[in-house]
Amino acid sequence: MNFAQVRALSAKWVRGFVPMTDDLDTNPPAQQRSIARLLDASGKNFRTILSLKFPFLTLGQSLPEVGSKEMAAQLKRVDRVLDAVMGKTDILTIGNEPFLETGKDERDARLNVFYEHVAEHVIDYRRKKFPHGCRTRLYMGALNRLDKKDGRTPATERWVAFVNRKPELEGLDIHPHVDSLQAAGKYVQYVVSRLDKNKKFLATEFSLVQLWEQHMGDKIPAAYAEKYEVPPNTRVWQVIGNAIEQPFPQKRWDDFLAMSPWFASHKDYLTQQMQMFRETGKLAVATYGVTQIESMQTGWGAHKKPWILNPLYANRTVRKENGRAGRTTVWFDSFRALQDSH
């Protein structure tokens with residue numbers, strides 16, 4: 001992502017996350033890529049959000065216990081990041097997707113204890129270093145799967161209760177990656193009905209990726225097959241794979257999506273989703289994926305989660321034309337209109 005791309009969208013906010021891993025022990029956090037980019041954005045008059053990501057599941061690690069040397073090591077990393085960003089970013093989110101980044105057998109009170117301890121530490125740091133006030137607002141990281149019964153647990157209830165109990169926390173984040181607006185509505189209803197009236201929510205990620213996933217095995221539309229002389233039995237995931245291998249002209253990418261009923265029938269998704277968020281009166285900030293990143297295409301196949309359909313720029317599936325990066329036109333246009341309308 002570059003700032004010219006962000007400005008072309010009229011975007012005012014930039015969001016990133018930093019993995020709280022051992023490379024922070026030796027490398028200055030301010031030089032870590034996402035932090036450096038956010039600090040740069042802040043200097044260029046963008047508002048900024050940084051999420052602290054604790055990827056225990058990916059690393060095969062258990063949650064550290066309060067008072068342990070592992071906890072001390074985590075808090076030392078937190079302090080190093082806070083030294084770099086506190087007072088310079090607008091929002092700091094404690095935790096990225098805690099319930100997905102922790103082992104399944106630890107998604108209970110142990111998860112709450114760890115993140116509450118980190119939050120208290122961050123609150124304490126801010127109070128001591130900025131006794132007269134600080135521009136950096138604090139939120140708790142994102143809740144996931146609130147549209148499913150198994151995503152609403154005593155631990156998620158305790159998560160919201162902790163936010164309500166701490167005046168230093170402005171609210172919490174949600175990541176509604178869903179298969180319908182109805183499912184997203186369950187997320188919104190869950191947090192809005194539980195948050196105290198002075199608390200707000202962020203939506204730093206959201207999409208219909210679960211819906212796209214259901215259609216990767218569909219046959220491509222007959223009209224598309226005919227227009228572009230593609231075998232009629234070709235599957236959706238194969239067309240996307242072809243675009244990754246040899247990026248399409250913009251018109252062909254637009255046609256592929258416009259001719260696919262599962263996508264075209266949701267072309268107003270961004271507008272409708274933002275309306276839902278805004279109508280609550282409790283939305284602080286929502287951010288959306290800007291570019292197709294390398295991991296979205298790596299190992300592409302029938303069962304790869306199609307994150308690649310979400311971003312505003314289709315920079316890996318559409319070739320540059322006259323120096324202009326490819327885009328997923330419906331998202332791009334909706335996003336710009338939403339910026340201008342608010």
# chains A, B, ... in the order shown; residues from 1 in each chain; ligands from 1
>>> residues_around(residues="Trp212 of chain A", least_positions_apart="4", cutoff="8 Å", atoms="only C-alpha atoms", output="MDAnalysis selection string")
chainID A and resid 179 208 216 262:263 306 309
>>> closest_atom_pairs(of="segment 127-200 of chain A", to="segment 278-285 of chain A", cutoff="9 Å", atoms="only C-alpha atoms", output="CSV")
residue,atom,partner,partner_atom,distance
A:Gly171,CA,A:Ala284,CA,8.8
A:Val188,CA,A:Thr280,CA,8.3
A:Val192,CA,A:Thr280,CA,7.3
A:Lys197,CA,A:Lys282,CA,8.3
A:Asn198,CA,A:Lys282,CA,8.6
A:Lys199,CA,A:Lys282,CA,7.2
A:Lys200,CA,A:Lys282,CA,4.7
>>> residues_around(residues="segment 141-145 of chain A", least_positions_apart="3", cutoff="6 Å", atoms="only C-alpha atoms", output="ChimeraX atom specification")
/A:93-97,148,151,172-175
>>> write_last_selection(atoms="N, CA, C and O atoms", output="PDB file, in the first residue's frame")
ATOM      1  N   THR A  93      -5.124  -0.548  19.724  1.00  0.00           N
ATOM      2  CA  THR A  93      -6.047  -1.631  20.036  1.00  0.00           C
ATOM      3  C   THR A  93      -5.269  -2.772  20.681  1.00  0.00           C
ATOM      4  O   THR A  93      -4.291  -3.260  20.109  1.00  0.00           O
ATOM      5  N   ILE A  94      -5.693  -3.157  21.864  1.00  0.00           N
ATOM      6  CA  ILE A  94      -4.991  -4.191  22.635  1.00  0.00           C
ATOM      7  C   ILE A  94      -5.541  -5.547  22.225  1.00  0.00           C
ATOM      8  O   ILE A  94      -6.675  -5.897  22.558  1.00  0.00           O
ATOM      9  N   GLY A  95      -4.732  -6.278  21.447  1.00  0.00           N
ATOM     10  CA  GLY A  95      -5.183  -7.537  20.865  1.00  0.00           C
ATOM     11  C   GLY A  95      -5.673  -7.305  19.444  1.00  0.00           C
ATOM     12  O   GLY A  95      -6.274  -6.260  19.140  1.00  0.00           O
ATOM     13  N   ASN A  96      -5.392  -8.257  18.557  1.00  0.00           N
ATOM     14  CA  ASN A  96      -5.867  -8.148  17.183  1.00  0.00           C
ATOM     15  C   ASN A  96      -7.135  -8.985  17.024  1.00  0.00           C
ATOM     16  O   ASN A  96      -8.234  -8.448  16.946  1.00  0.00           O
ATOM     17  N   GLU A  97      -6.990 -10.320  17.025  1.00  0.00           N
ATOM     18  CA  GLU A  97      -8.137 -11.232  17.030  1.00  0.00           C
ATOM     19  C   GLU A  97      -7.879 -12.287  18.103  1.00  0.00           C
ATOM     20  O   GLU A  97      -7.534 -13.428  17.801  1.00  0.00           O
ATOM     21  N   LYS A 148     -22.107 -16.618  15.267  1.00  0.00           N
ATOM     22  CA  LYS A 148     -22.279 -18.048  15.574  1.00  0.00           C
ATOM     23  C   LYS A 148     -22.435 -18.225  17.086  1.00  0.00           C
ATOM     24  O   LYS A 148     -21.815 -17.508  17.871  1.00  0.00           O
ATOM     25  N   GLY A 151     -19.368 -18.641  19.089  1.00  0.00           N
ATOM     26  CA  GLY A 151     -18.529 -17.451  19.205  1.00  0.00           C
ATOM     27  C   GLY A 151     -18.972 -16.525  20.329  1.00  0.00           C
ATOM     28  O   GLY A 151     -18.283 -15.568  20.665  1.00  0.00           O
ATOM     29  N   LEU A 172     -14.438  -1.364  21.983  1.00  0.00           N
ATOM     30  CA  LEU A 172     -13.809  -2.578  21.460  1.00  0.00           C
ATOM     31  C   LEU A 172     -13.961  -2.643  19.948  1.00  0.00           C
ATOM     32  O   LEU A 172     -14.719  -1.896  19.337  1.00  0.00           O
ATOM     33  N   ASP A 173     -13.213  -3.567  19.365  1.00  0.00           N
ATOM     34  CA  ASP A 173     -13.156  -3.757  17.920  1.00  0.00           C
ATOM     35  C   ASP A 173     -13.955  -5.012  17.547  1.00  0.00           C
ATOM     36  O   ASP A 173     -14.058  -5.948  18.351  1.00  0.00           O
ATOM     37  N   ILE A 174     -14.523  -5.026  16.337  1.00  0.00           N
ATOM     38  CA  ILE A 174     -15.139  -6.250  15.803  1.00  0.00           C
ATOM     39  C   ILE A 174     -14.621  -6.475  14.382  1.00  0.00           C
ATOM     40  O   ILE A 174     -14.294  -5.522  13.674  1.00  0.00           O
ATOM     41  N   HIS A 175     -14.537  -7.751  13.996  1.00  0.00           N
ATOM     42  CA  HIS A 175     -14.117  -8.125  12.637  1.00  0.00           C
ATOM     43  C   HIS A 175     -15.192  -9.012  11.999  1.00  0.00           C
ATOM     44  O   HIS A 175     -15.024 -10.228  11.907  1.00  0.00           O
TER      45      HIS A 175
END
>>> residues_around(residues="His215 of chain A", least_positions_apart="2", cutoff="12 Å", atoms="only C-alpha atoms", output="PyMOL selection string")
chain A and resi 179+208-213+217-221+235-238+240+260-263+302-306+309
>>> write_last_selection(atoms="C-alpha atoms", output="PDB file, in the first residue's frame")
ATOM      1  CA  ASP A 179     -21.568 -14.729   4.653  1.00  0.00           C
ATOM      2  CA  LEU A 208     -18.258 -11.097   2.816  1.00  0.00           C
ATOM      3  CA  VAL A 209     -15.318 -13.499   2.433  1.00  0.00           C
ATOM      4  CA  GLN A 210     -17.360 -16.399   3.890  1.00  0.00           C
ATOM      5  CA  LEU A 211     -19.929 -15.879   1.111  1.00  0.00           C
ATOM      6  CA  TRP A 212     -17.302 -15.713  -1.643  1.00  0.00           C
ATOM      7  CA  GLU A 213     -15.851 -18.963  -0.297  1.00  0.00           C
ATOM      8  CA  GLY A 217     -16.544 -24.202  -6.912  1.00  0.00           C
ATOM      9  CA  ASP A 218     -19.386 -22.716  -8.997  1.00  0.00           C
ATOM     10  CA  LYS A 219     -19.304 -22.924 -12.771  1.00  0.00           C
ATOM     11  CA  ILE A 220     -18.523 -19.570 -14.329  1.00  0.00           C
ATOM     12  CA  PRO A 221     -21.432 -17.615 -15.847  1.00  0.00           C
ATOM     13  CA  ARG A 235     -14.863 -22.905 -12.043  1.00  0.00           C
ATOM     14  CA  VAL A 236     -14.809 -19.516 -10.320  1.00  0.00           C
ATOM     15  CA  TRP A 237     -11.594 -20.292  -8.434  1.00  0.00           C
ATOM     16  CA  GLN A 238      -9.890 -21.168 -11.737  1.00  0.00           C
ATOM     17  CA  ILE A 240      -9.299 -16.019 -10.274  1.00  0.00           C
ATOM     18  CA  SER A 260     -21.286 -13.554 -11.362  1.00  0.00           C
ATOM     19  CA  PRO A 261     -24.666 -13.408  -9.558  1.00  0.00           C
ATOM     20  CA  TRP A 262     -23.176 -14.301  -6.161  1.00  0.00           C
ATOM     21  CA  PHE A 263     -20.991 -11.172  -6.371  1.00  0.00           C
ATOM     22  CA  ALA A 302     -10.026 -24.421  -4.942  1.00  0.00           C
ATOM     23  CA  HIS A 303      -9.927 -24.267  -1.132  1.00  0.00           C
ATOM     24  CA  LYS A 304      -7.891 -21.114  -0.544  1.00  0.00           C
ATOM     25  CA  LYS A 305      -9.959 -18.529   1.338  1.00  0.00           C
ATOM     26  CA  PRO A 306     -10.738 -15.841  -1.275  1.00  0.00           C
ATOM     27  CA  LEU A 309     -11.862 -10.497  -3.715  1.00  0.00           C
TER      28      LEU A 309
END
>>> atom_distance(atom1="atom CA of Trp13 of chain A", atom2="atom CA of Arg327 of chain A")
19.4 Å
>>> residues_around(residues="segment 57-61 of chain A", least_positions_apart="2", cutoff="12 Å", atoms="only C-alpha atoms", output="list of chain:residue names")
A:Pro19, A:Met20, A:Thr21, A:Asp22, A:Lys53, A:Phe54, A:Pro55, A:Leu63, A:Pro64, A:Glu65, A:Glu70, A:Glu97, A:Pro98, A:Phe99, A:Leu100, A:Glu101, A:Thr102, A:Gly103, A:Lys104, A:Asp105, A:Glu106, A:Arg107
>>> write_last_selection(atoms="C-alpha atoms", output="short mmCIF file (atom, residue, chain, number, x, y, z; two decimals), in the first residue's frame")
data_model
loop_
_atom_site.label_atom_id
_atom_site.label_comp_id
_atom_site.auth_asym_id
_atom_site.auth_seq_id
_atom_site.Cartn_x
_atom_site.Cartn_y
_atom_site.Cartn_z
CA PRO A 19 2.94 -9.04 15.75
CA MET A 20 4.28 -9.14 19.32
CA THR A 21 7.08 -11.63 18.56
CA ASP A 22 10.69 -12.02 19.60
CA LYS A 53 -1.28 -8.84 17.71
CA PHE A 54 -0.33 -11.77 19.97
CA PRO A 55 -0.07 -14.74 17.53
CA LEU A 63 -0.95 -18.01 26.96
CA PRO A 64 1.63 -16.78 29.48
CA GLU A 65 0.54 -16.78 33.11
CA GLU A 70 7.03 -15.40 29.66
CA GLU A 97 -8.14 -11.23 17.03
CA PRO A 98 -7.57 -12.76 20.46
CA PHE A 99 -10.12 -15.55 20.12
CA LEU A 100 -8.59 -16.76 16.84
CA GLU A 101 -4.96 -16.22 17.83
CA THR A 102 -5.12 -18.34 20.99
CA GLY A 103 -5.28 -22.14 21.20
CA LYS A 104 -8.85 -23.52 21.15
CA ASP A 105 -8.51 -25.03 24.62
CA GLU A 106 -7.50 -21.64 26.09
CA ARG A 107 -10.37 -19.49 24.77
#
>>> residues_around(residues="segment 76-88 of chain A", least_positions_apart="3", cutoff="7 Å", atoms="only C-alpha atoms", output="list of chain:residue names")
A:Met20, A:Leu24, A:Asp25, A:Pro29, A:Ala30, A:Ala72, A:Ala73, A:Cys134, A:Arg135, A:Thr136
>>> atom_distance(atom1="atom CA of Asn2 of chain A", atom2="atom CA of Leu39 of chain A")
13.5 Å
>>> select_by_dssp(residues="segment 242-313 of chain A", states="strand (DSSP E)", output="list in words")
Leu283, Ala284, Val285 and Ala286 of chain A
>>> closest_residue(among="A:Thr329, A:Thr26, A:Ser341, A:Ser62", to="Leu257 of chain A", atoms="only C-alpha atoms")
A:Thr329
>>> residues_around(residues="Arg316 of chain A", least_positions_apart="6", cutoff="12 Å", atoms="only C-alpha atoms", output="VMD selection string")
chain A and resid 240 to 250 253 291 to 298 308 to 309 325 to 328
>>> closest_residue(among="A:Asp255, A:Pro311, A:Val239, A:Leu195", to="Tyr224 of chain A", atoms="only C-alpha atoms")
A:Asp255
>>> atom_distance(atom1="atom CA of Ala183 of chain A", atom2="atom CA of Tyr269 of chain A")
12.7 Å
